[in-house]
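Chemist: What follows is data-v8.csv; its format and atoms are CSV, C-alpha atoms and all ligand atoms.
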chain,number,residue,atom,x,y,z
A,1,MET,CA,40.7,3.8,9.3
A,2,SER,CA,43.2,6.5,8.2
A,3,LYS,CA,42.0,10.0,7.6
A,4,LYS,CA,42.9,9.8,3.9
A,5,ILE,CA,40.6,6.9,3.3
A,6,LEU,CA,37.9,8.6,5.2
A,7,TYR,CA,38.2,11.7,3.0
A,8,PHE,CA,38.3,9.6,-0.1
A,9,LEU,CA,35.1,7.8,0.9
A,10,LEU,CA,33.4,11.1,1.8
A,11,LEU,CA,34.4,12.6,-1.6
A,12,CYS,CA,33.0,9.5,-3.4
A,13,VAL,CA,29.7,10.0,-1.5
A,14,VAL,CA,29.6,13.7,-2.5
A,15,ILE,CA,30.3,12.9,-6.2
A,16,ILE,CA,27.7,10.1,-6.3
A,17,ALA,CA,25.1,12.4,-4.7
A,18,ALA,CA,25.9,15.2,-7.1
A,19,VAL,CA,25.8,13.0,-10.2
A,20,SER,CA,22.5,11.4,-9.0
A,21,TYR,CA,21.1,14.9,-8.5
A,22,PHE,CA,22.0,16.1,-11.9
A,23,PHE,CA,20.9,12.9,-13.7
A,24,TYR,CA,17.9,12.0,-11.7
A,25,ASN,CA,16.2,15.1,-10.3
A,26,GLN,CA,13.1,15.2,-12.3
A,27,PRO,CA,12.2,18.3,-14.3
A,28,ASP,CA,8.8,19.7,-13.4
A,29,ASP,CA,7.5,20.1,-16.9
A,30,VAL,CA,6.0,17.2,-18.7
A,31,SER,CA,9.3,16.2,-20.4
A,32,GLY,CA,10.2,14.1,-17.4
A,33,GLY,CA,6.8,12.3,-17.4
A,34,ILE,CA,3.8,13.0,-15.2
A,35,PRO,CA,3.6,11.7,-11.6
A,36,VAL,CA,0.4,9.8,-10.9
A,37,PHE,CA,0.2,9.5,-7.1
A,38,ASN,CA,-1.4,6.4,-5.7
A,39,TYR,CA,-3.1,6.9,-2.3
A,40,HIS,CA,-5.3,4.5,-0.4
A,41,GLN,CA,-6.6,5.5,3.0
A,42,VAL,CA,-6.3,8.9,4.7
A,43,GLU,CA,-7.1,7.9,8.3
A,44,ASP,CA,-5.5,8.4,11.7
A,45,ASN,CA,-4.6,5.3,13.7
A,46,ALA,CA,-5.3,2.9,10.9
A,47,ASN,CA,-1.9,1.3,11.5
A,48,ASN,CA,-1.3,0.3,8.0
A,49,PRO,CA,1.4,1.6,5.6
A,50,LEU,CA,-1.3,2.3,3.0
A,51,ALA,CA,-3.1,4.7,5.4
A,52,LEU,CA,-1.7,8.2,5.6
A,53,SER,CA,-2.4,10.2,8.7
A,54,VAL,CA,-4.5,13.3,8.1
A,55,GLU,CA,-1.6,15.5,9.1
A,56,ASN,CA,0.8,13.8,6.6
A,57,PHE,CA,-1.7,14.0,3.8
A,58,GLU,CA,-2.3,17.7,4.4
A,59,LYS,CA,1.5,18.3,4.5
A,60,GLN,CA,1.8,16.8,1.0
A,61,MET,CA,-1.1,18.7,-0.5
A,62,ALA,CA,0.2,21.9,1.1
A,63,TYR,CA,3.6,21.3,-0.5
A,64,LEU,CA,2.1,20.6,-3.9
A,65,SER,CA,0.0,23.8,-3.7
A,66,GLU,CA,2.9,25.9,-2.4
A,67,LYS,CA,5.2,24.7,-5.2
A,68,GLY,CA,2.6,25.5,-7.9
A,69,TYR,CA,1.6,21.9,-8.9
A,70,THR,CA,-1.8,21.5,-10.6
A,71,ALA,CA,-3.9,18.4,-10.0
A,72,ILE,CA,-5.2,17.4,-13.4
A,73,THR,CA,-8.0,14.9,-14.2
A,74,ALA,CA,-7.5,11.5,-15.7
A,75,ASP,CA,-9.2,12.8,-18.9
A,76,GLN,CA,-6.7,15.6,-19.1
A,77,LEU,CA,-3.8,13.1,-18.8
A,78,PHE,CA,-5.4,10.9,-21.4
A,79,ALA,CA,-5.9,13.8,-23.8
A,80,TYR,CA,-2.3,14.8,-23.4
A,81,LEU,CA,-1.0,11.3,-23.9
A,82,TYR,CA,-3.0,10.1,-26.9
A,83,GLN,CA,-4.8,13.1,-28.4
A,84,LYS,CA,-1.9,15.6,-28.1
A,85,GLY,CA,-3.8,17.9,-25.7
A,86,SER,CA,-1.7,20.2,-23.6
A,87,LEU,CA,-1.3,20.3,-19.8
A,88,PRO,CA,-0.9,23.0,-17.2
A,89,PRO,CA,2.5,23.6,-15.8
A,90,LYS,CA,3.7,21.1,-13.1
A,91,PRO,CA,0.8,18.6,-13.6
A,92,VAL,CA,0.2,15.7,-11.1
A,93,LEU,CA,-2.6,13.2,-11.1
A,94,ILE,CA,-3.9,12.2,-7.7
A,95,THR,CA,-5.5,8.7,-7.5
A,96,PHE,CA,-7.1,6.8,-4.6
A,97,ASP,CA,-7.7,3.1,-4.7
A,98,ASP,CA,-10.4,1.1,-2.9
A,99,GLY,CA,-12.8,3.9,-2.1
A,100,TYR,CA,-12.3,4.2,1.6
A,101,GLY,CA,-14.6,6.5,3.7
A,102,GLY,CA,-11.6,8.6,4.8
A,103,ILE,CA,-11.3,10.0,1.2
A,104,TYR,CA,-14.6,11.8,1.8
A,105,THR,CA,-14.3,12.7,5.5
A,106,ASN,CA,-10.5,13.4,5.7
A,107,ALA,CA,-9.0,13.9,2.2
A,108,TYR,CA,-11.8,15.8,0.5
A,109,PRO,CA,-11.9,18.9,2.9
A,110,ILE,CA,-8.1,19.2,2.5
A,111,MET,CA,-8.2,18.9,-1.3
A,112,LYS,CA,-11.0,21.4,-1.5
A,113,LYS,CA,-8.9,23.9,0.4
A,114,TYR,CA,-6.1,23.6,-2.1
A,115,GLY,CA,-8.3,23.3,-5.2
A,116,PHE,CA,-7.2,19.8,-6.0
A,117,THR,CA,-9.1,17.0,-7.7
A,118,ALA,CA,-8.6,13.3,-8.0
A,119,ILE,CA,-9.8,10.1,-9.5
A,120,ILE,CA,-11.1,7.5,-7.1
A,121,PHE,CA,-11.1,3.8,-8.1
A,122,LEU,CA,-14.1,2.1,-6.5
A,123,ILE,CA,-14.6,-1.6,-5.6
A,124,THR,CA,-18.3,-1.4,-6.4
A,125,ASP,CA,-19.4,-4.3,-4.2
A,126,PHE,CA,-17.8,-2.5,-1.2
A,127,VAL,CA,-19.3,1.0,-1.7
A,128,GLY,CA,-21.5,1.8,1.3
A,129,ARG,CA,-20.8,-1.7,2.8
A,130,ASP,CA,-19.8,-0.3,6.2
A,131,SER,CA,-18.3,2.9,7.5
A,132,TRP,CA,-14.8,2.0,6.3
A,133,TYR,CA,-16.0,2.6,2.7
A,134,ILE,CA,-17.4,5.6,1.0
A,135,ASN,CA,-21.2,5.4,0.2
A,136,TRP,CA,-23.0,6.4,-3.0
A,137,GLU,CA,-24.3,9.8,-1.6
A,138,GLN,CA,-20.7,10.8,-0.8
A,139,VAL,CA,-19.5,9.6,-4.2
A,140,LYS,CA,-22.2,11.8,-5.8
A,141,GLU,CA,-21.2,14.8,-3.8
A,142,LEU,CA,-17.6,14.3,-4.8
A,143,GLN,CA,-18.6,13.9,-8.4
A,144,GLN,CA,-20.4,17.2,-8.3
A,145,ALA,CA,-17.3,18.7,-6.8
A,146,GLY,CA,-15.4,17.6,-9.9
A,147,PHE,CA,-13.9,14.3,-8.8
A,148,GLN,CA,-13.7,11.5,-11.3
A,149,PHE,CA,-14.5,7.8,-10.6
A,150,GLY,CA,-12.9,4.7,-12.1
A,151,SER,CA,-13.3,1.0,-11.5
A,152,HIS,CA,-11.2,-1.1,-9.2
A,153,THR,CA,-13.5,-4.1,-10.1
A,154,LEU,CA,-16.5,-5.6,-8.3
A,155,SER,CA,-14.6,-7.4,-5.4
A,156,HIS,CA,-10.8,-6.7,-5.7
A,157,GLY,CA,-9.6,-10.2,-6.6
A,158,SER,CA,-6.5,-10.6,-8.7
A,159,LEU,CA,-7.5,-10.4,-12.4
A,160,ALA,CA,-4.3,-12.2,-13.4
A,161,GLU,CA,-5.5,-15.3,-11.6
A,162,ALA,CA,-9.2,-15.2,-12.5
A,163,SER,CA,-10.9,-17.1,-15.4
A,164,PRO,CA,-11.6,-15.1,-18.6
A,165,GLU,CA,-15.3,-15.1,-17.8
A,166,GLU,CA,-14.7,-13.8,-14.3
A,167,VAL,CA,-12.3,-11.1,-15.6
A,168,ARG,CA,-14.9,-10.0,-18.0
A,169,ASN,CA,-17.6,-10.0,-15.3
A,170,GLN,CA,-15.5,-8.0,-12.9
A,171,LEU,CA,-14.6,-5.4,-15.6
A,172,VAL,CA,-18.0,-5.0,-17.2
A,173,LYS,CA,-20.3,-5.2,-14.1
A,174,SER,CA,-18.3,-2.7,-12.1
A,175,LYS,CA,-18.1,-0.3,-15.0
A,176,GLU,CA,-21.8,-0.5,-15.6
A,177,GLY,CA,-22.6,-0.1,-11.9
A,178,ILE,CA,-20.7,3.2,-11.6
A,179,GLU,CA,-22.1,4.4,-14.9
A,180,TRP,CA,-25.6,3.7,-13.8
A,181,ARG,CA,-25.2,5.4,-10.5
A,182,LEU,CA,-23.3,8.5,-11.7
A,183,GLU,CA,-24.8,8.7,-15.3
A,184,THR,CA,-21.4,9.3,-16.7
A,185,PRO,CA,-19.0,7.0,-18.7
A,186,VAL,CA,-16.3,5.1,-16.7
A,187,ARG,CA,-13.1,5.2,-18.8
A,188,TYR,CA,-10.4,4.1,-16.4
A,189,LEU,CA,-9.5,1.0,-14.3
A,190,ALA,CA,-6.9,0.4,-11.6
A,191,TYR,CA,-5.8,-3.3,-11.4
A,192,PRO,CA,-6.6,-4.7,-7.9
A,193,GLY,CA,-3.3,-5.4,-6.2
A,194,GLY,CA,-1.6,-4.2,-9.4
A,195,TYR,CA,-1.9,-7.7,-11.0
A,196,TYR,CA,-2.3,-7.9,-14.7
A,197,ASN,CA,-1.1,-9.8,-17.8
A,198,GLN,CA,-1.6,-9.6,-21.5
A,199,GLN,CA,-5.0,-11.4,-21.5
A,200,VAL,CA,-6.2,-9.0,-18.7
A,201,LYS,CA,-5.0,-6.0,-20.7
A,202,ASP,CA,-6.9,-7.2,-23.7
A,203,ALA,CA,-10.0,-7.8,-21.7
A,204,VAL,CA,-9.9,-4.3,-20.3
A,205,ARG,CA,-9.8,-2.9,-23.8
A,206,GLN,CA,-12.6,-5.1,-24.9
A,207,ALA,CA,-14.7,-4.1,-21.9
A,208,GLY,CA,-14.7,-0.5,-23.2
A,209,TYR,CA,-12.1,1.2,-21.0
A,210,GLN,CA,-9.8,3.8,-22.3
A,211,ALA,CA,-6.7,3.2,-20.1
A,212,ALA,CA,-5.7,1.2,-17.0
A,213,PHE,CA,-3.4,2.1,-14.0
A,214,THR,CA,-0.9,-0.3,-12.4
A,215,VAL,CA,1.3,0.0,-9.3
A,216,ASP,CA,4.4,-0.3,-11.5
A,217,PHE,CA,6.7,2.4,-10.2
A,218,GLY,CA,7.4,5.3,-12.5
A,219,ARG,CA,6.0,8.4,-14.2
A,220,VAL,CA,3.6,8.4,-17.1
A,221,SER,CA,4.8,9.6,-20.5
A,222,ARG,CA,3.7,9.4,-24.1
A,223,ALA,CA,5.9,6.2,-24.3
A,224,SER,CA,3.7,4.6,-21.6
A,225,ASP,CA,1.4,1.6,-22.4
A,226,SER,CA,-2.1,2.9,-21.9
A,227,TRP,CA,-3.2,-0.5,-20.5
A,228,ALA,CA,-0.4,-0.4,-17.9
A,229,LEU,CA,0.1,3.2,-16.8
A,230,GLU,CA,2.8,3.7,-14.1
A,231,ARG,CA,2.0,5.2,-10.7
A,232,VAL,CA,4.0,6.5,-7.7
A,233,PRO,CA,2.6,4.8,-4.6
A,234,ILE,CA,2.6,7.1,-1.5
A,235,LEU,CA,2.9,5.3,1.8
A,236,GLN,CA,2.9,6.1,5.5
A,237,SER,CA,6.4,5.4,7.0
A,238,ARG,CA,8.7,6.8,9.6
A,239,TRP,CA,9.7,9.5,7.2
A,240,THR,CA,6.5,9.9,5.2
A,241,PHE,CA,7.2,13.4,3.9
A,242,ILE,CA,10.8,12.8,2.9
A,243,ASP,CA,9.7,9.6,1.2
A,244,PHE,CA,7.0,11.5,-0.7
A,245,TYR,CA,9.5,14.2,-1.6
A,246,LEU,CA,12.0,11.7,-3.0
A,247,ARG,CA,9.3,9.8,-4.9
A,248,LEU,CA,8.2,13.0,-6.5
A,249,HIS,CA,11.5,14.5,-7.3
A,250,PHE,CA,13.7,11.4,-7.8
A,251,THR,CA,11.2,9.1,-9.4
A,252,LYS,CA,13.7,7.7,-11.9
A,253,LEU,CA,16.4,7.1,-9.3
A,254,ILE,CA,14.0,5.1,-7.1
A,255,GLU,CA,12.8,3.3,-10.2
A,256,ALA,CA,16.3,2.4,-11.1
A,257,ALA,CA,17.0,1.3,-7.5
A,258,LYS,CA,13.9,-0.9,-7.5
A,259,GLU,CA,14.9,-2.5,-10.8
A,260,LEU,CA,18.4,-3.2,-9.4
A,261,LYS,CA,17.0,-4.7,-6.3
A,262,SER,CA,14.6,-7.0,-8.2
A,263,SER,CA,17.4,-8.2,-10.5
A,264,LEU,CA,19.7,-9.2,-7.7
B,301,ZN,ZN,-6.8,-1.9,-4.2
Using C-alpha cells, write down the structure that the file contains.

Modeler:
Amino acid sequence: MSKKILYFLLLCVVIIAAVSYFFYNQPDDVSGGIPVFNYHQVEDNANNPLALSVENFEKQMAYLSEKGYTAITADQLFAYLYQKGSLPPKPVLITFDDGYGGIYTNAYPIMKKYGFTAIIFLITDFVGRDSWYINWEQVKELQQAGFQFGSHTLSHGSLAEASPEEVRNQLVKSKEGIEWRLETPVRYLAYPGGYYNQQVKDAVRQAGYQAAFTVDFGRVSRASDSWALERVPILQSRWTFIDFYLRLHFTKLIEAAKELKSSL
C-alpha cells in the first residue's frame, strides 16, 4: 500500500472520529436524556457477562462520584418525565435486575461510600431462596437506607409469551408481595429478559404500575414511552471500564450502531 493511500485512510479515520465525537458525545445535562444503568450481579468469579467483579463495579461508582454524577431515584426520574419536576445536575439512575445477594454484600457497601442509591427489581419467588439471592431482611435494610424496590415478576418467565391471565398474575402478585413486605407502593416494573409487547404494556398499566423498564438500549427522555423506558446495560467484558465509559458518554452512537447491525 502506498504511503499516500495510508495517509488518506488515516485522515478518514480521524475525520470520522472527530465527527462522531461532536455529534454523539452526550451532554451531561438532561437535554441528552438520562442514562438508566442496568446491572445484575456484582460478584467475583461468577463467570457470567452479567456479573461485574467487585473491583469493576467500584471503579464505575468511583468514576461517577469523581465526575459529579448524582444517583437519582426512580420517583425523581418519573417526576421529571411526567410531572415536570427538576433533576440535580448530571443525573443517573442505577438499577439492578433479579435481586442477587451480591447487591447487598458487595454493591451496597460501595454505593454507601459514594452516597449512591438504586432501584432493585425483585423476582419475588426467588427472594431468600438461597444464598445467591437477597433475602427480605436485607431488602428491608436497603429500603431503610433509601433504596427503592420494583417488580421483576414472580418467577421471571417471558411476559410476551405468557397467557393474559398469567401475565396479570405475575404482575399483580409480585407487586402485592413486595408492598405487603415493605409497606410501600411498588410503582415500577422491569420486564424479565426485556420481553414485552403492546398487550403486556397494557397489562402493566392495568395492574397499577406507573412505568416499566426494558433493556432497549438508549437514554430516557420526555419523549420516552413510560411503558418501555430505555436502559443502558452494563456488562463484564475484557474492557469493562472502557465499555462502561463508551456506553455512558456515547449512548447515541452505540444505539445507532446497534440499529445498523440489526437492520443488516
Ligand atoms: Zn432478569

Chemist: List as a PyMOL selection string the protein and nucleic acid residues near Ser174 (chain A), meaning an atom at most 7 Å away when all atoms listed in the file are counted, but skip any in the same chain fewer than 5 places from it.

Modeler: chain A and resi 124+151+153-154

Chemist: Could you pull the residues within 6 Å of region 217-222 of chain A, counting all atoms listed in the file, minus those fewer than 3 positions along the same chain, as a list in words?

Modeler: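 Residues meeting the cut-off are Gly33, Ile34, Pro35, Leu81, Glu230, Arg231 and Val232 of chain A.
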
Chemist: At a cut-off of 9 Å around the point (-19.9, 4.0, 3.6) (file coordinates), what residues fall inside when counting only C-alpha atoms? I'd like the answer as a ChimeraX atom specification.

Modeler: /A:100-101,126-138

Chemist: By how many Å are CA of Tyr195 (chain A) and CA of Ser158 (chain A) apart?

Modeler: 5.9 Å

Chemist: Report the distance between CA of Leu182 (chain A) and CA of Ile123 (chain A) in Å, rounded to one decimal place.

Modeler: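 Those two atoms sit 14.7 Å apart.
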
Chemist: Between A:Gln83, A:Thr95, A:Ser31, A:Gln170, which has the minimum distance to Asp125 (chain A) (counting only C-alpha atoms)?

Modeler: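 With only C-alpha atoms as the atom set, the closest residue is A:Gln170.
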
Chemist: Between CA of Leu87 (chain A) and CA of Ile72 (chain A), what is the distance, to one decimal in Å?

Modeler: 8.0 Å

Chemist: Neighbours of Asp44 (chain A) within 9 Å (only C-alpha atoms; same-chain residues fewer than 2 positions away dropped), as a list in words?

Modeler: Val42, Ala46, Asn47, Ala51, Leu52, Ser53, Val54 and Glu55 of chain A

Chemist: At a cut-off of 6 Å and counting all atoms listed in the file, what residues surround ligand ZN 301 (chain B)? Please answer as a list in words.

Modeler: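 The residues within 6 Å of ligand ZN 301 (chain B), counting all atoms listed in the file, are Asp97, Asp98, Pro192 and Gly193 of chain A.
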
Chemist: Of the candidates A:Gln206, A:Asn48, A:Glu141, A:Ala74, which shows the shortest atom-to-atom distance to Thr117 (chain A), using only C-alpha atoms?

Modeler: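 Among the listed residues, A:Ala74 lies closest to Thr117 (chain A).
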
Chemist: Between A:Met61, A:Ile119, A:Ile110, A:Ile178, which residue has the minimum interatomic distance to Leu93 (chain A), considering all atoms listed in the file?

Modeler: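 Comparing A:Met61, A:Ile119, A:Ile110, A:Ile178 against Leu93 (chain A), the winner is A:Ile119.
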
Chemist: Show me the residues around (-1.4, 4.5, -18.8) - criterion: an atom at most 6 Å away, all atoms listed in the file counted - as a JSON list (two decimals) with C-alpha atoms, in the frame of the given file.

Modeler:
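Written file, result37.json:
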[["chain", "number", "residue", "atom", "x", "y", "z"],
["A", 211, "ALA", "CA", -6.70, 3.20, -20.10],
["A", 212, "ALA", "CA", -5.70, 1.20, -17.00],
["A", 213, "PHE", "CA", -3.40, 2.10, -14.00],
["A", 224, "SER", "CA", 3.70, 4.60, -21.60],
["A", 225, "ASP", "CA", 1.40, 1.60, -22.40],
["A", 226, "SER", "CA", -2.10, 2.90, -21.90],
["A", 227, "TRP", "CA", -3.20, -0.50, -20.50],
["A", 228, "ALA", "CA", -0.40, -0.40, -17.90],
["A", 229, "LEU", "CA", 0.10, 3.20, -16.80]]
